[in-house]
Every structure is written in C-alpha cells, then in structure tokens.
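Here is the structure we will look at, set down as structure tokens.
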Amino acid sequence: MHKYIIVGISLLALIGCGGRENHLEHDDHEHEHHEHQETAQHESAHGEIMLHSDVADKFGVKTDTARAGEFTTVIEASGTVLPSATAEGVVTAPTTGIVRLAPGIEVGRNVTRGTIVATIDAHAVSGGDANAAAAAVLAAAKREYERIEALYKERLATIGEYNAAQAAYEQAKAGYSSNASAGRATAPINGVVSTLGVASGQYTAAGDIIATIVSNDAVNLRVDLPQKYYKLAESLSDATLDFNYLEAPVTVSTLGGKRSNGAAIPAAGASSAYIPVYFTVPGNQGIIPGSTFRAHLLGNSRQGVISVPNTALLEQQGEYFIFEKLDDECYTKRRVRLGANNGHRTEILDGLPAGTPYVIEGTTTVRLAETGAAIPQGHSHNH
C-alpha cells in the first residue's frame, strides 16, 4: 500500500498538474515548467498540489462547488429548566408515622391533583396515633355542642354556655385531620414530582415535606449565552435542546414553545459572564423541571451567504485555508476569512468566490500530498 502511494506521488511530482507530462519531452520545456511553478508559488504563496485521482478516491477526498445560500447562525450554550414560581405544590405528612411511598412515585413521575403520593402508618411508631386522640376530642366536643344547642333553643341554656360549646367544637375540628386519620398524603396540583424528601420506611413528623410537585402546564427554559455573543442575543429566536434523558434533541418551536422576554438582558460589560435567554415550552413534553441541557441557539436565517462544511477548513498558525480543486489531479490552497459558525458550517467572508470547486472531505490527504509525505494506510476509507 505504502509502496503504491509513494510511487504514485513520485510520478505525479514528475508529470505535474493538468497533463503537463509533455514538458518532460524537452529540457527547455522542463525549465519552463519549473518557472511556471515558481511563479504560481510566488503568486499564491502555496503553489499547486498534485494528487492522483485514484488516490483521492481511495482516501475519501470529496469536493463541492462554492455557492451562495441560506445560512443560520447557531451558538452552543448550556441551560436549565425552571419551574414557574406560582406553579409549585408541596406534599406534607398529615400525621407522624412511617412513610410508605405509593407504587410508581419517583422523581419525574407525572401526577394529577389528588393522586396518593404516600401513606403514613401512625400506629407503627411509639406513642400510637396522635390523630386518634384528636378524633376522640372532636367527637366529644360535637356531642356537647349538640346537647347545649338543643337546650339553648329551649331557653334552658345561657348564651355563654352555647358560645363556649361552639368554640370547643370548632377548636376540636381544627385539631383533627381527615387526611391524617386516613394517613394519605396527596398531590395538591397536576404536575411532575421534582423532589422526594423521604424514602419508604422512613420516619416522618406531621408537616414534614414528603415531595415537591411542579406544574407541567408550562416550563421556562433559561439558556446561559456567553456574553461575547451580546450583539446576537436579540436575534436568537429558537433553540435545539439536548437532554440526557430524552432519546433525541428537541426544538423549542417544534414543541410549541417560543422565546420569552424574561429578565432584562444585561448590558455589554456587565459583571456576569453570561446573558440569560428565556424560552417558554408547554407542559407534558417529558421535560423535567430543574434538569439541565445543552442548547444550540438558532439565529435569524440570512440569504446569499457562502458557507463551507467545517470539515473543509484547515487551520495553520491562526489562519484558515481551503483546498481549491483546479482539475482532476491538481489542487491549490486558498486563504479564507471566516464569519459565523453554526456548528456544522462556517460562513466565508472572503477568499472563496461562488463557483469555485473545493475539497469538503479528505483535507488531511490533500495536506499530506502538499507536504510530500506518504499517506498512511490508516487514513483509507476502504477497510
């Protein structure tokens, strides 16, 4: 393999580009050929690169023609899902006891209002069920109130006795909870379980937080845009989101969401290194409040832009180049000035006119041919 490539490159070095093998017939033609090469190298600073078409095909060198088209700026950033501050509910223990989470209750689980999140066994702890005593007090207070009420109607009890019985009854009702009696802790709103404060079998006191539910009617997304993109912040109208728990990336607009104003965008030079960009997405999309994601912020599309795949670019000492294809076996290196990058393609501001054929894949192979190095077998696309 190496022998074939080295021999091929050696032959190409002799015959040159574009069928210049006729220059080998006469010494004076060879001299003209060398003068032409020197002139070309002086003008382009790089000269012509010879690579046999068979070798180019074998090592995956592919080309395309530069043309103006649509280009959308894309900026990569990180983000967080924020629940609405007014759409959060807390599930608390109605009594003291041992918690038993309901089957299937876990972080990320969708629940509806009234869903049983957990039950509390008050009899499993020392001291028994405190709510049972409250129930007994309530029953006694109710009987006394009903007795005094009947006597009061017959004018056999004073107004003071009636008011005292009524107050005792209301106080007893306040001290008793039907939920506590049943030992059920239920979801106060429709939403997603975002946190669990206890585990099954754990002791809890009355009033302790068992779980937090966040509404899934809508979620807010905050993307932290690096401040160097401040001038582009207003134009970022959409975003592609990549969550590690979803099978594939999703787009805000596809989910029915949109860009929202949120907090004011900080002025350039503010102390924060990031600019918050907010989006609102309807609920029931499988997005978990509090989770994080990677975002590709999408800017406005522009027409008439020449762009190239990122695989076409060669970086050397801070400058960027592409390989122009002159003919089937000849290439040259062109310096280009870059614009925006959308993660897949890069805008070319200068150095690549429309209609120019250039290498989009296999730049390493052309680079090796430029330096005269043998192309290693490991780079072959034929396995």
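Within each chain, counting starts at residue 1; across the structure tokens, chains are named A, B, ... in the order shown, with ligands numbered 1 upward in that order.
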Exercise. In segment 95-218 of chain A, what's strand (DSSP E or B) per DSSP? Answer as a ChimeraX atom specification?
Worked result: /A:97-101,110-111,116-121,184-186,191-196,203-204,209-214,218
Exercise. For Val198 of chain A, which of A:Lys228, A:Arg155, A:Arg100, A:Lys173 is the closest residue, counting only C-alpha atoms?
Worked result: A:Arg100
Exercise. Taking only C-alpha atoms into account, which of A:Arg67, A:Arg113, A:Lys231, A:Arg335 comes nearest Gln303 of chain A?
Worked result: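 The answer is A:Arg67, which sits nearest to Gln303 of chain A.
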Exercise. Which residues, written as a count of residues only, have at least one atom at most 6 Å from segment 326-334 of chain A, with only C-alpha atoms counted and residues fewer than 3 positions away on the same chain left out?
Worked result: 10
Just want the 9 Å neighbourhood of Asp208 of chain A, counted on only C-alpha atoms, with same-chain residues fewer than 5 positions away dropped. Output as a PDB file with C-alpha atoms, in the first residue's frame.
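File written: result_18.pdb
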```pdb
ATOM      1  CA  VAL A  91     -46.906  17.300  49.698  1.00  0.00           C
ATOM      2  CA  THR A  92     -46.668  17.170  53.502  1.00  0.00           C
ATOM      3  CA  ALA A  93     -47.141  14.401  56.017  1.00  0.00           C
ATOM      4  CA  PRO A  94     -50.643  14.657  57.564  1.00  0.00           C
ATOM      5  CA  THR A  95     -49.528  12.823  60.708  1.00  0.00           C
ATOM      6  CA  THR A  96     -46.498  11.381  62.405  1.00  0.00           C
ATOM      7  CA  GLY A 197     -37.972  14.417  50.807  1.00  0.00           C
TER       8      GLY A 197
END
```
Exercise. Distance atom CA of Ala141 of chain A-atom CA of Gly97 of chain A, one decimal place?
Worked result: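 A separation of 25.9 Å between them.
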Exercise. Which polymer residues have any atom within 8 Å of an atom of segment 343-352 of chain A, counting only C-alpha atoms, with same-chain residues fewer than 5 positions away left out, as an MDAnalysis selection string?
Worked result: chainID A and resid 66 71 74:76 305:310 334:338
Let's have the selection written as an mmCIF file, in the first residue's frame, with C-alpha atoms.
```
data_model
loop_
_atom_site.group_PDB
_atom_site.id
_atom_site.type_symbol
_atom_site.label_atom_id
_atom_site.label_comp_id
_atom_site.auth_asym_id
_atom_site.auth_seq_id
_atom_site.Cartn_x
_atom_site.Cartn_y
_atom_site.Cartn_z
ATOM 1 C CA ALA A 66 -18.998 27.122 -3.564
ATOM 2 C CA PHE A 71 -27.259 30.390 6.484
ATOM 3 C CA VAL A 74 -26.080 28.657 15.733
ATOM 4 C CA ILE A 75 -24.495 29.229 19.163
ATOM 5 C CA GLU A 76 -23.883 26.400 21.627
ATOM 6 C CA VAL A 305 -24.157 33.595 2.219
ATOM 7 C CA ILE A 306 -21.257 31.424 1.032
ATOM 8 C CA SER A 307 -20.516 28.781 3.660
ATOM 9 C CA VAL A 308 -18.494 25.566 3.789
ATOM 10 C CA PRO A 309 -18.689 22.412 5.924
ATOM 11 C CA ASN A 310 -16.370 22.645 8.902
ATOM 12 C CA ARG A 334 -6.619 29.334 -0.607
ATOM 13 C CA ARG A 335 -6.604 31.548 2.467
ATOM 14 C CA VAL A 336 -10.145 32.402 3.622
ATOM 15 C CA ARG A 337 -11.631 34.823 6.137
ATOM 16 C CA LEU A 338 -14.280 33.285 8.391
#
```
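For the pair atom CA of Arg367 of chain A and atom CA of Glu319 of chain A, the interatomic distance is 14.9 Å.
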Exercise. Do you know which residues are at most 8 Å from segment 283-291 of chain A counting only C-alpha atoms, after dropping those on the same chain fewer than 3 positions away, and could you put them as number ranges by chain?
Worked result: A: 80-83, 108, 192, 194, 214-219, 246, 255
For this session: Can you check which residues of segment 101-208 of chain A DSSP gives as helix (DSSP H, G or I) on the backbone and send them as a PyMOL selection string?
Result: chain A and resi 122-124+130-153+159-174+178-182
For this session: Please measure the separation of atom CA of Thr73 of chain A and atom CA of Glu247 of chain A, giving the value in Å to one decimal.
Result: 24.9 Å
Problem set entry | Counting only C-alpha atoms, the option among A:Lys142, A:Arg302, A:Arg184, A:Lys62 closest to Ala340 of chain A |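 Answer, going by the shortest atom-to-atom distance: A:Arg302.
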For this session: For Ala295 of chain A, please output as a ChimeraX atom specification all residues within 7 Å (counting only C-alpha atoms; exclusion window: fewer than 4 positions along the same chain).
Result: /A:76-79,239-242
Problem set entry | Which of A:Leu156, A:Ile209, A:Leu225, A:Ile105 sits closest to Val193 of chain A [using only C-alpha atoms] |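 Once distances to Val193 of chain A are computed over only C-alpha atoms, the minimum belongs to A:Ile105.
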